[in-house]
Each structure stands twice: as C-alpha cells, then as structure tokens.
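> Data: final-v9.cif, mmCIF, C-alpha atoms and all ligand atoms.
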```
data_work
#
loop_
_atom_site.label_atom_id
_atom_site.label_comp_id
_atom_site.auth_asym_id
_atom_site.auth_seq_id
_atom_site.Cartn_x
_atom_site.Cartn_y
_atom_site.Cartn_z
CA MET D 1466 1.88 31.88 4.94
CA LYS D 1467 -0.53 34.28 3.24
CA ASP D 1468 -2.58 31.35 2.00
CA THR D 1469 -2.94 30.03 5.54
CA LEU D 1470 -3.98 33.42 6.86
CA ILE D 1471 -6.44 34.02 4.07
CA LYS D 1472 -7.98 30.63 4.67
CA ALA D 1473 -8.25 31.28 8.40
CA ILE D 1474 -9.74 34.73 7.88
CA SER D 1475 -12.14 33.58 5.18
CA ARG D 1476 -13.41 30.84 7.43
CA GLN D 1477 -13.99 33.18 10.39
CA GLY D 1478 -15.51 36.05 8.46
CA SER D 1479 -17.31 34.22 5.65
CA ASP D 1480 -20.81 35.29 6.79
CA ARG D 1481 -19.96 38.95 6.77
CA VAL D 1482 -17.70 39.24 3.72
CA PHE D 1483 -19.33 36.74 1.37
CA ALA D 1484 -20.90 39.53 -0.70
CA LEU D 1485 -17.58 41.30 -1.29
CA SER D 1486 -15.78 40.80 -4.56
CA GLY D 1487 -12.82 38.42 -4.62
CA ARG D 1488 -10.40 41.29 -4.94
CA LEU D 1489 -11.87 43.10 -1.94
CA THR D 1490 -11.80 39.89 0.13
CA THR D 1491 -8.11 39.50 -0.68
CA LEU D 1492 -7.46 43.13 0.16
CA LEU D 1493 -9.26 42.74 3.49
CA ALA D 1494 -7.32 39.57 4.22
CA LEU D 1495 -3.99 41.20 3.44
CA THR D 1496 -4.86 44.23 5.59
CA LEU D 1497 -5.81 41.94 8.47
CA ALA D 1498 -2.65 39.93 7.89
CA SER D 1499 -0.52 42.98 8.52
CA VAL D 1500 -2.11 43.57 11.94
CA TRP D 1501 -2.66 39.90 12.82
CA PRO D 1502 -0.99 39.07 16.16
CA ALA D 1503 2.34 37.29 15.56
CA THR D 1504 1.37 34.42 17.84
CA LEU D 1505 -1.46 33.44 15.49
CA VAL D 1506 0.76 33.38 12.40
CA ALA D 1507 1.69 29.78 11.59
CA GLU D 1508 5.40 29.15 12.05
CA GLU D 1509 7.36 27.72 9.11
CA VAL D 1510 8.44 24.21 10.06
CA VAL D 1511 9.68 20.94 8.65
CA ASN D 1512 8.95 17.75 10.57
CA VAL D 1513 11.73 15.20 10.26
CA TYR D 1514 11.52 11.56 11.32
CA SER D 1515 15.12 10.37 11.55
CA ALA D 1516 16.77 7.03 12.22
CA ARG D 1517 20.08 8.88 12.66
CA HIS D 1518 21.17 10.03 16.12
CA TYR D 1519 24.33 12.09 15.89
CA ASP D 1520 25.33 15.33 17.62
CA THR D 1521 26.48 16.78 14.29
CA ASP D 1522 22.93 16.41 12.94
CA MET D 1523 21.74 18.99 15.49
CA ALA D 1524 24.29 21.51 14.18
CA LEU D 1525 22.98 20.75 10.67
CA TYR D 1526 19.38 21.48 11.64
CA GLU D 1527 20.29 24.69 13.45
CA GLU D 1528 22.16 26.02 10.43
CA PHE D 1529 19.16 25.24 8.19
CA THR D 1530 16.91 27.26 10.51
CA ARG D 1531 19.43 30.11 10.52
CA GLN D 1532 19.53 30.17 6.71
CA THR D 1533 15.81 29.78 6.00
CA GLY D 1534 13.86 30.65 9.16
CA ILE D 1535 12.26 27.19 8.93
CA LYS D 1536 12.24 25.36 12.26
CA VAL D 1537 13.21 21.67 12.25
CA ASN D 1538 11.06 19.44 14.46
CA LEU D 1539 12.84 16.15 14.98
CA ILE D 1540 11.50 12.76 15.96
CA GLU D 1541 14.14 10.05 16.31
CA GLY D 1542 13.56 6.31 16.30
CA GLY D 1543 14.55 3.00 14.77
CA SER D 1544 14.21 2.78 10.97
CA ASP D 1545 11.51 0.11 10.86
CA ALA D 1546 9.57 1.69 13.75
CA LEU D 1547 9.52 5.09 12.02
CA ILE D 1548 8.34 3.54 8.74
CA GLU D 1549 5.54 1.72 10.61
CA ARG D 1550 4.62 4.93 12.38
CA ILE D 1551 4.26 6.85 9.11
CA VAL D 1552 2.16 3.99 7.68
CA ASN D 1553 -0.11 4.04 10.75
CA GLU D 1554 -0.44 7.82 10.80
CA GLY D 1555 -1.60 7.70 7.19
CA GLU D 1556 -2.79 10.98 5.74
CA PHE D 1557 -2.63 12.62 9.17
CA THR D 1558 1.10 12.10 9.60
CA PRO D 1559 2.98 15.20 10.74
CA ALA D 1560 6.12 13.74 9.09
CA ASP D 1561 7.40 15.66 6.08
CA LEU D 1562 10.59 13.70 5.63
CA LEU D 1563 11.99 10.31 6.63
CA ILE D 1564 15.76 9.96 7.00
CA THR D 1565 17.01 6.38 7.27
CA VAL D 1566 19.93 4.11 6.42
CA ASP D 1567 20.43 1.51 3.69
CA ALA D 1568 18.88 1.56 0.24
CA GLY D 1569 17.10 -1.67 1.17
CA ARG D 1570 15.17 0.17 3.87
CA LEU D 1571 14.43 3.17 1.66
CA TRP D 1572 13.08 0.72 -0.88
CA ARG D 1573 10.94 -1.05 1.78
CA ALA D 1574 9.55 2.36 2.76
CA SER D 1575 8.72 3.18 -0.86
CA GLU D 1576 7.02 -0.24 -1.21
CA LYS D 1577 4.81 0.75 1.73
CA ASN D 1578 3.82 3.78 -0.32
CA ILE D 1579 4.87 6.39 2.24
CA PHE D 1580 6.92 8.59 -0.13
CA GLN D 1581 5.92 10.98 -2.91
CA PRO D 1582 8.04 11.79 -5.96
CA VAL D 1583 10.11 14.96 -5.72
CA GLU D 1584 11.17 16.99 -8.71
CA SER D 1585 14.15 19.17 -7.94
CA GLN D 1586 16.92 20.34 -10.24
CA VAL D 1587 19.17 20.77 -7.22
CA MET D 1588 18.69 17.13 -6.17
CA ASP D 1589 19.15 15.89 -9.73
CA GLN D 1590 22.39 17.85 -10.06
CA ARG D 1591 23.84 17.12 -6.63
CA VAL D 1592 22.88 13.46 -6.08
CA PRO D 1593 24.48 10.98 -8.52
CA ALA D 1594 21.78 9.22 -10.55
CA ASN D 1595 22.65 5.76 -9.20
CA LEU D 1596 22.21 6.95 -5.60
CA ARG D 1597 18.61 8.10 -5.91
CA ASP D 1598 15.30 6.49 -6.74
CA PRO D 1599 14.60 6.78 -10.48
CA ASP D 1600 11.18 8.32 -9.67
CA GLY D 1601 12.51 10.76 -7.05
CA LEU D 1602 10.91 8.89 -4.12
CA TRP D 1603 14.17 8.96 -2.12
CA PHE D 1604 17.68 10.36 -2.38
CA GLY D 1605 21.05 9.17 -1.06
CA LEU D 1606 22.72 11.68 1.26
CA SER D 1607 25.86 9.79 2.32
CA LYS D 1608 27.65 6.59 1.38
CA ARG D 1609 29.16 3.59 3.12
CA VAL D 1610 31.13 0.74 1.59
CA ARG D 1611 31.01 -2.91 2.60
CA ALA D 1612 34.76 -3.52 2.86
CA ILE D 1613 36.78 -6.67 3.52
CA ALA D 1614 39.04 -6.70 6.60
CA TYR D 1615 41.55 -9.39 7.53
CA ASN D 1616 44.01 -10.04 10.34
CA LYS D 1617 47.24 -8.34 9.33
CA ALA D 1618 49.54 -10.53 11.44
CA ALA D 1619 47.94 -13.83 10.41
CA GLY D 1620 47.87 -12.90 6.73
CA LEU D 1621 45.96 -14.90 4.12
CA PRO D 1622 46.78 -18.06 2.14
CA ILE D 1623 45.45 -16.41 -1.05
CA ASP D 1624 45.15 -12.88 -2.40
CA VAL D 1625 41.67 -11.65 -1.47
CA MET D 1626 40.66 -8.89 -3.82
CA ARG D 1627 36.99 -9.61 -4.48
CA TYR D 1628 33.90 -10.56 -2.41
CA GLU D 1629 33.93 -13.72 -4.55
CA ASP D 1630 37.30 -14.75 -3.03
CA LEU D 1631 35.65 -15.31 0.38
CA ALA D 1632 34.18 -18.54 -1.04
CA ASN D 1633 37.64 -19.90 -1.93
CA PRO D 1634 38.20 -23.27 -0.11
CA ALA D 1635 41.64 -21.97 0.95
CA LEU D 1636 39.73 -19.89 3.57
CA THR D 1637 38.12 -22.87 5.40
CA ASP D 1638 37.42 -22.03 9.09
CA SER D 1639 38.52 -18.44 8.48
CA VAL D 1640 35.43 -16.34 7.82
CA CYS D 1641 33.25 -14.49 10.37
CA MET D 1642 29.98 -12.99 9.12
CA ARG D 1643 26.93 -11.19 10.33
CA SER D 1644 23.57 -12.96 9.91
CA SER D 1645 21.96 -13.05 6.47
CA SER D 1646 18.79 -11.34 7.73
CA ASN D 1647 20.81 -8.15 8.29
CA ILE D 1648 19.88 -5.49 5.73
CA TYR D 1649 23.54 -4.73 4.86
CA ASN D 1650 24.12 -8.35 3.84
CA LEU D 1651 20.82 -8.47 1.96
CA SER D 1652 21.85 -5.40 -0.03
CA LEU D 1653 25.32 -6.85 -0.69
CA MET D 1654 23.68 -10.07 -1.89
CA GLY D 1655 21.37 -8.01 -4.10
CA SER D 1656 24.43 -6.48 -5.76
CA ILE D 1657 26.04 -9.90 -6.30
CA ILE D 1658 22.85 -11.34 -7.83
CA GLU D 1659 22.70 -8.30 -10.09
CA ALA D 1660 26.32 -8.82 -11.19
CA ALA D 1661 26.50 -12.60 -11.49
CA GLY D 1662 22.96 -14.00 -11.51
CA GLU D 1663 21.09 -15.99 -8.89
CA ALA D 1664 22.81 -19.37 -9.38
CA ALA D 1665 26.34 -17.92 -9.12
CA ALA D 1666 25.30 -15.84 -6.10
CA GLU D 1667 23.97 -18.94 -4.36
CA ALA D 1668 27.16 -20.90 -5.11
CA TRP D 1669 29.14 -18.00 -3.65
CA ALA D 1670 27.03 -17.89 -0.46
CA ALA D 1671 27.33 -21.66 -0.03
CA GLY D 1672 31.11 -21.41 -0.41
CA VAL D 1673 31.31 -18.64 2.21
CA VAL D 1674 29.14 -20.71 4.59
CA LYS D 1675 31.60 -23.62 4.21
CA ASN D 1676 34.38 -21.23 5.26
CA PHE D 1677 32.62 -19.97 8.42
CA ALA D 1678 34.80 -20.05 11.54
CA ARG D 1679 31.63 -19.70 13.65
CA LYS D 1680 27.87 -19.31 13.26
CA PRO D 1681 26.78 -15.84 12.10
CA GLN D 1682 26.38 -13.60 15.16
CA GLY D 1683 26.88 -10.00 16.30
CA ASN D 1684 27.04 -6.72 14.42
CA ASP D 1685 29.81 -5.42 12.16
CA THR D 1686 31.88 -4.22 15.13
CA ALA D 1687 31.74 -7.73 16.61
CA GLN D 1688 33.06 -9.17 13.31
CA LEU D 1689 35.99 -6.71 13.27
CA ARG D 1690 36.86 -7.50 16.90
CA ALA D 1691 36.73 -11.24 16.20
CA VAL D 1692 39.14 -10.84 13.29
CA ALA D 1693 41.51 -8.62 15.30
CA SER D 1694 41.53 -11.13 18.20
CA GLY D 1695 42.26 -14.03 15.85
CA GLU D 1696 38.97 -15.85 16.41
CA CYS D 1697 38.61 -15.66 12.65
CA THR D 1698 40.83 -14.31 9.91
CA ILE D 1699 38.60 -12.34 7.61
CA THR D 1700 35.22 -10.57 7.47
CA ILE D 1701 33.10 -7.92 5.76
CA ALA D 1702 32.04 -4.70 7.51
CA ASN D 1703 30.69 -1.27 6.66
CA THR D 1704 33.40 1.37 6.51
CA TYR D 1705 31.80 3.59 9.16
CA TYR D 1706 32.42 0.90 11.80
CA LEU D 1707 36.11 1.06 10.86
CA GLY D 1708 36.03 4.88 10.89
CA ARG D 1709 34.42 4.89 14.33
CA MET D 1710 37.18 2.69 15.80
CA ILE D 1711 40.00 4.52 14.01
CA GLY D 1712 38.71 7.82 15.41
CA SER D 1713 37.83 6.44 18.86
CA ASP D 1714 39.39 7.88 22.05
CA ASP D 1715 39.57 4.34 23.43
CA PRO D 1716 42.99 2.77 22.68
CA LYS D 1717 41.33 -0.69 22.64
CA ASP D 1718 39.33 0.37 19.57
CA ASN D 1719 42.45 1.76 17.88
CA ALA D 1720 44.20 -1.56 18.58
CA VAL D 1721 41.43 -3.39 16.72
CA THR D 1722 41.81 -1.35 13.55
CA ASP D 1723 45.63 -1.41 13.85
CA ALA D 1724 45.41 -5.22 13.70
CA LEU D 1725 43.43 -5.16 10.42
CA THR D 1726 44.19 -4.77 6.76
CA VAL D 1727 41.27 -3.26 4.88
CA VAL D 1728 40.54 -4.19 1.27
CA PHE D 1729 38.17 -2.32 -1.02
CA PRO D 1730 36.84 -5.27 -3.03
CA ASN D 1731 36.37 -5.72 -6.77
CA GLN D 1732 38.55 -2.78 -7.76
CA GLU D 1733 39.50 -4.46 -11.05
CA ASP D 1734 35.90 -5.17 -12.06
CA ARG D 1735 32.54 -3.77 -10.90
CA GLY D 1736 33.82 -1.85 -7.85
CA ALA D 1737 33.08 -2.07 -4.13
CA HIS D 1738 29.48 -2.42 -2.97
CA VAL D 1739 28.21 1.01 -1.90
CA ASN D 1740 25.14 1.68 0.17
CA ILE D 1741 23.55 4.93 1.34
CA SER D 1742 21.89 6.87 4.10
CA GLY D 1743 19.06 8.78 2.53
CA ALA D 1744 15.72 10.48 2.78
CA GLY D 1745 12.37 10.81 1.10
CA VAL D 1746 9.47 13.28 1.31
CA THR D 1747 6.38 11.60 2.73
CA ARG D 1748 3.23 11.12 0.66
CA TYR D 1749 1.12 13.35 2.93
CA ALA D 1750 3.84 15.85 3.95
CA PRO D 1751 2.06 18.87 5.45
CA ASN D 1752 5.08 21.05 4.62
CA LYS D 1753 6.22 19.61 1.30
CA GLY D 1754 7.95 22.77 0.07
CA ASN D 1755 9.97 23.07 3.26
CA ALA D 1756 10.84 19.37 3.09
CA ILE D 1757 12.28 19.81 -0.41
CA LYS D 1758 14.22 22.89 0.73
CA PHE D 1759 15.61 20.80 3.58
CA LEU D 1760 16.59 17.94 1.25
CA GLU D 1761 18.33 20.40 -1.06
CA TYR D 1762 20.13 21.97 1.89
CA LEU D 1763 21.42 18.52 2.93
CA THR D 1764 23.26 18.26 -0.40
CA SER D 1765 25.08 21.60 0.12
CA ASN D 1766 28.83 21.44 0.70
CA PHE D 1767 28.46 22.54 4.32
CA ALA D 1768 25.74 20.01 5.12
CA GLN D 1769 27.41 17.16 3.23
CA GLU D 1770 30.57 17.41 5.30
CA LEU D 1771 28.69 17.37 8.62
CA PHE D 1772 26.14 14.74 7.55
CA ALA D 1773 28.87 12.33 6.41
CA GLN D 1774 31.15 12.99 9.37
CA GLY D 1775 28.32 12.39 11.86
CA ASN D 1776 28.51 8.67 11.09
CA ASN D 1777 31.98 8.37 9.51
CA GLU D 1778 30.41 8.04 6.07
CA TYR D 1779 31.43 9.33 2.65
CA PRO D 1780 29.64 12.40 1.27
CA ILE D 1781 27.70 11.82 -1.96
CA ILE D 1782 29.39 14.94 -3.34
CA GLY D 1783 32.60 16.71 -2.33
CA PRO D 1784 35.75 15.59 -0.54
CA THR D 1785 35.87 12.92 2.17
CA SER D 1786 37.06 14.00 5.60
CA GLY D 1787 37.48 12.36 9.01
CA PRO D 1788 38.91 8.94 9.90
CA VAL D 1789 37.51 7.08 6.83
CA ALA D 1790 39.63 9.33 4.59
CA THR D 1791 42.66 7.40 5.91
CA LEU D 1792 41.28 4.24 4.25
CA GLY D 1793 42.02 5.77 0.85
CA ALA D 1794 40.12 6.10 -2.41
CA PHE D 1795 38.22 3.32 -4.18
CA GLN D 1796 36.12 2.42 -7.22
CA GLU D 1797 32.39 1.99 -6.58
CA ASP D 1798 29.86 -0.47 -7.96
CA ALA D 1799 27.65 1.94 -9.91
CA ILE D 1800 24.40 -0.06 -9.96
CA ASN D 1801 21.32 1.91 -8.94
CA ALA D 1802 20.68 1.68 -5.20
CA ALA D 1803 17.03 0.84 -5.99
CA VAL D 1804 18.21 -2.54 -7.36
CA LEU D 1805 19.41 -3.47 -3.86
CA GLY D 1806 15.81 -3.22 -2.71
CA GLU D 1807 14.29 -4.87 -5.76
CA ARG D 1808 16.57 -7.87 -5.23
CA GLN D 1809 15.85 -8.14 -1.50
CA ALA D 1810 13.29 -10.98 -1.55
CA GLN D 1811 15.51 -12.91 -3.95
CA ALA D 1812 18.51 -12.30 -1.66
CA VAL D 1813 16.60 -13.79 1.31
CA ARG D 1814 15.83 -16.94 -0.70
CA VAL D 1815 19.42 -17.30 -1.93
CA PHE D 1816 20.85 -16.97 1.61
CA ASP D 1817 18.27 -19.53 2.87
CA ARG D 1818 19.13 -22.08 0.26
CA ALA D 1819 22.85 -21.59 0.90
CA GLY D 1820 22.34 -22.25 4.63
CA TRP D 1821 23.65 -18.80 5.71
CA GLN D 1822 21.77 -18.21 8.96
FE FE D 1901 25.14 0.02 11.07
#
```
With the file now loaded, output its structure as structure tokens.

Amino acid sequence: MKDTLIKAISRQGSDRVFALSGRLTTLLALTLASVWPATLVAEEVVNVYSARHYDTDMALYEEFTRQTGIKVNLIEGGSDALIERIVNEGEFTPADLLITVDAGRLWRASEKNIFQPVESQVMDQRVPANLRDPDGLWFGLSKRVRAIAYNKAAGLPIDVMRYEDLANPALTDSVCMRSSSNIYNLSLMGSIIEAAGEAAAEAWAAGVVKNFARKPQGNDTAQLRAVASGECTITIANTYYLGRMIGSDDPKDNAVTDALTVVFPNQEDRGAHVNISGAGVTRYAPNKGNAIKFLEYLTSNFAQELFAQGNNEYPIIGPTSGPVATLGAFQEDAINAAVLGERQAQAVRVFDRAGWQ
C-alpha cells in the first residue's frame, strides 16, 4: 500500500521534490499518505477466475475478506474459456488466480504458461505432495474419485474390484461409459498407462469397448441413471455426482443412488484413481501476495470443509463431511496429479486406437 502511494506521489511531485534527499522524499510521502483521501488509497483485492459455481464458495470468499480485509473479485466461466481468456489477456490480465477442475486441465493451463511457481510453507505442509505441481505451479484443493457403480438388483456375473475388471468378457453388453474425449476419462487413462504401460492400457480400453451396452454418450449423471434404469449394468463416475444425488431433495435422484452399489476400485493394489479441483497463481498476477494468502486460506480447516462440500468432494486435508462421507473410506492411487496431464496426449491416442469414441 505504501509502495503504491509513494509511487503515485513521486510521479505527481517529481519536478518539485527531485532535489530532496531520498530520506526526505520518503518522509514527505509518508506524511502525505497519512492525510491522503481514503478514496484514493488503492483497495487490497484478489482477482479470482473460477470455473466453480457454488453458493458455498461465496461464503468462503466473504470469510476471507473478513479475516484479511482483502476483497475477492470473482469472474466465473467455463474452465477452457477462462484459460483462453488469461492467455489472451497476457501480461495485462487482471487475474491473480485460476480455480478449475481436473489435474488434466490444470496441466493444460500450465502448458499454456499462464501460471507462476509459488513457494509457500503453508501450501507445502497442507497440500499432499502428490496433489500439487512439483514446481508449485498449481495446488489441489479438493478431491474426487472415479468410482465404479453397478446395478444392485441385477448384480454382476463376476466380482468387479478393479478398473481392469471392466474389460472382462463376462461383462459383454453391460458397460455404459462417457466419451473418451472427456477430461475425467483422459485422466483415468493416464493413471492406467502409468500403472500398466501403454500396451496393457490399450488392451484394457479395447476390452471395455467390446463390453459397451451403447455408444459413449452423456455425462456421469447420465451413466448412473442408465445403470439404475437397467439400460446397462455397470459404469464409472466421479463421486461428487453420486454425492449430489444422495443429498438431493428430489426422490427420483435418491432412487437412482439407492439402486446402485458403489465400488472403490483397486483397493488391493494401487488404489482408486483420484483427481482434484485446484488453483494456480497466474504468471502476471497484479496481486501475487494476496493470491498466495488466498490459496493458503483455502487450505485452512474452515475453508476446506466448505470448498469440498460445495461440490460434494473430499477435502485434501481434514475429515470428509456431507453425502459422500456415506460412501465410506478408501485407498487412493498416490501418483502425482501432474502425471495425469503429462499422459494426456498418449491417453487420447490409446483411446483412439481402442475405438473408444
Ligand atoms: Fe463434472
């Protein structure tokens, strides 16, 4: 604040005060600062571009302002649109921070060079190492799991305990899936390539394609509905879609989740595939210090609970609450979320070759 004022004063009065010593100039500036009209004093702000749109987020921002006096200016939009916007705004972007979903997208954003590395002991302590970029370009703030769900009444001809089981020929005409271009499936594929190699991942995808009950279509909610209605028997969906329907006021949504059995996959080996919502400080952030304070605040116990609950996600630290807590505990695949992005182009090629549309 003082820096800003001193700069402003120096610029205005440079002709008259240029002969004064540095110390006197500073003294003059500080004296003026104390009588400077409040309306001319720059307000402390942080400008957030967010792909999240939840009522609880507003409560989060208000509490941050109450604690720090820093006002949160929010611009909401789609993930890819916000990334493009920051690219186009270049060094003149007002954005200090981008909040978005899926490590694959955070990675795409970092590939477009819109983030800067952040060094923060708080972030390093609060965010598990596998849920943040190794260079501090972005940080996970909440988690979601890609879980398996099957029709409880219909049951399954085999025990399905791993993603790999979805390629078992016993499940012919049983599987509903979202399209392979969807970022959640690309990230899941990235994790399978990382675990098993490209050839095994392709064989898996081809096996799943053979088991499709219908062409890939719709979002995760559509897959869950199709399984509950019996159109197919089994699918994969992010846990927050389940949480949303479990906690819904609409009995039709509750009926969908009542008809499903949810499996956290790969509990005996690498763990279930985990993805994140997260954020990074932009390369040209005009309020970098405030952006880091805001990031650190989002890892506090208070903020974590609200941030996760807003979208029925799991906090990165602290206890789980809300409808997803009823799904129970699980082991997580601990690979670094950055790998999901690094494997993205490879994942596209594998899905293509396997014929997963
Ligand atoms: Fe989603």
> Return as a PyMOL selection string the residues of protein, DNA or RNA that approach ligand FE 1901 (chain D) to within 10 Å, with all atoms listed in the file taken into account.
chain D and resi 1566-1567+1609+1647-1649+1684-1686+1702-1706+1776
> Using only C-alpha atoms, find each residue of stretch 1571-1667 of chain D with at least one atom at most 6 Å away from an atom of stretch 1725-1731 of chain D; report its shortest atom-to-atom pair and that distance in Å (one decimal), sort the rows by chain and rising residue number, and return the result as a tab-separated table.

```
residue	atom	partner	partner_atom	distance
D:Ala1612	CA	D:Phe1729	CA	5.3
D:Ile1613	CA	D:Val1728	CA	5.0
D:Ala1614	CA	D:Val1727	CA	4.4
D:Tyr1615	CA	D:Thr1726	CA	5.4
D:Asn1616	CA	D:Leu1725	CA	4.9
D:Lys1617	CA	D:Leu1725	CA	5.1
D:Met1626	CA	D:Pro1730	CA	5.3
D:Arg1627	CA	D:Asn1731	CA	4.6
```
> Any chance you can output those residues with C-alpha atoms as a tab-separated table (two decimals), keeping the file's coordinate frame?

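Writing done, so here's selection04.tsv:
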```tsv
chain	number	residue	atom	x	y	z
D	1612	ALA	CA	34.76	-3.52	2.86
D	1613	ILE	CA	36.78	-6.67	3.52
D	1614	ALA	CA	39.04	-6.70	6.60
D	1615	TYR	CA	41.55	-9.39	7.53
D	1616	ASN	CA	44.01	-10.04	10.34
D	1617	LYS	CA	47.24	-8.34	9.33
D	1626	MET	CA	40.66	-8.89	-3.82
D	1627	ARG	CA	36.99	-9.61	-4.48
```
> What's the 9 Å shell around stretch 1629-1646 of chain D, counting all atoms listed in the file, without same-chain residues fewer than 3 positions away, as a count of residues only?
47
> Ranking D:Ile1800, D:Leu1539, D:Ala1516, D:Ala1594 by minimum distance to D:Arg1735 and counting all atoms listed in the file, which one comes first?
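Among D:Ile1800, D:Leu1539, D:Ala1516, D:Ala1594, it is D:Ile1800 that comes nearest to D:Arg1735.
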> For the atom pair atom CA of D:Asn1801 and atom CA of D:Met1654, what is the interatomic distance in Å to one decimal place?
14.1 Å
> Write out as a ChimeraX atom specification each polymer residue whose atoms come within 9 Å of D:Leu1562, counting all atoms listed in the file; drop sequence neighbours fewer than 6 positions from it.
/D:1511-1515,1580,1744-1747,1750,1753,1756-1757,1759-1760
> Let me make sure I understand: among D:Glu1797, D:Arg1814, D:Ser1607, D:Ala1560, which one has the smallest atom-to-atom distance to D:Glu1770 if we use all atoms listed in the file?
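Using all atoms listed in the file, D:Glu1770 sits closest to D:Ser1607.
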> One decimal, in Å: what's the spacing between atom CA of D:Ala1507 and atom CA of D:Tyr1526?
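Here the two named atoms are 19.5 Å from each other.
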> For the atom pair atom CA of D:Glu1807 and atom CA of D:Ile1658, what is the interatomic distance in Å to one decimal place?
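Result for atom CA of D:Glu1807 versus atom CA of D:Ile1658: 10.9 Å, one decimal.
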> For a quick check of understanding, using only C-alpha atoms, which of D:Leu1563, D:Val1721, D:Ala1568, D:Ala1664 has the smallest distance to D:Gly1695?
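For D:Gly1695, the nearest of the given residues is D:Val1721.
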> Out of D:Ala1720, D:Val1739, D:Ile1551, D:Ala1819, which residue has the shortest atom-to-atom distance to D:Val1804 when counting all atoms listed in the file?
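Nearest to D:Val1804: D:Val1739.
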> Need the shell around D:Arg1591: protein/DNA/RNA residues with any atom at most 9 Å away, counting all atoms listed in the file. Skip same-chain ones fewer than 4 positions apart. Format as a CSV table (one decimal) with C-alpha atoms, in the coordinates of the input?

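Done, and the output landed in part30.csv:
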```csv
chain,number,residue,atom,x,y,z
D,1586,GLN,CA,16.9,20.3,-10.2
D,1587,VAL,CA,19.2,20.8,-7.2
D,1761,GLU,CA,18.3,20.4,-1.1
D,1764,THR,CA,23.3,18.3,-0.4
D,1765,SER,CA,25.1,21.6,0.1
D,1781,ILE,CA,27.7,11.8,-2.0
D,1782,ILE,CA,29.4,14.9,-3.3
```
> Taking all atoms listed in the file into account, which of D:Val1537, D:Ala1737, D:Leu1653, D:Ala1794 comes nearest D:Gly1569?
D:Leu1653
> Using only C-alpha atoms, which of D:Pro1716, D:Gly1555, D:Pro1751, D:Pro1582 sits nearest D:Trp1603?
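Smallest separation from D:Trp1603 among the options: D:Pro1582.
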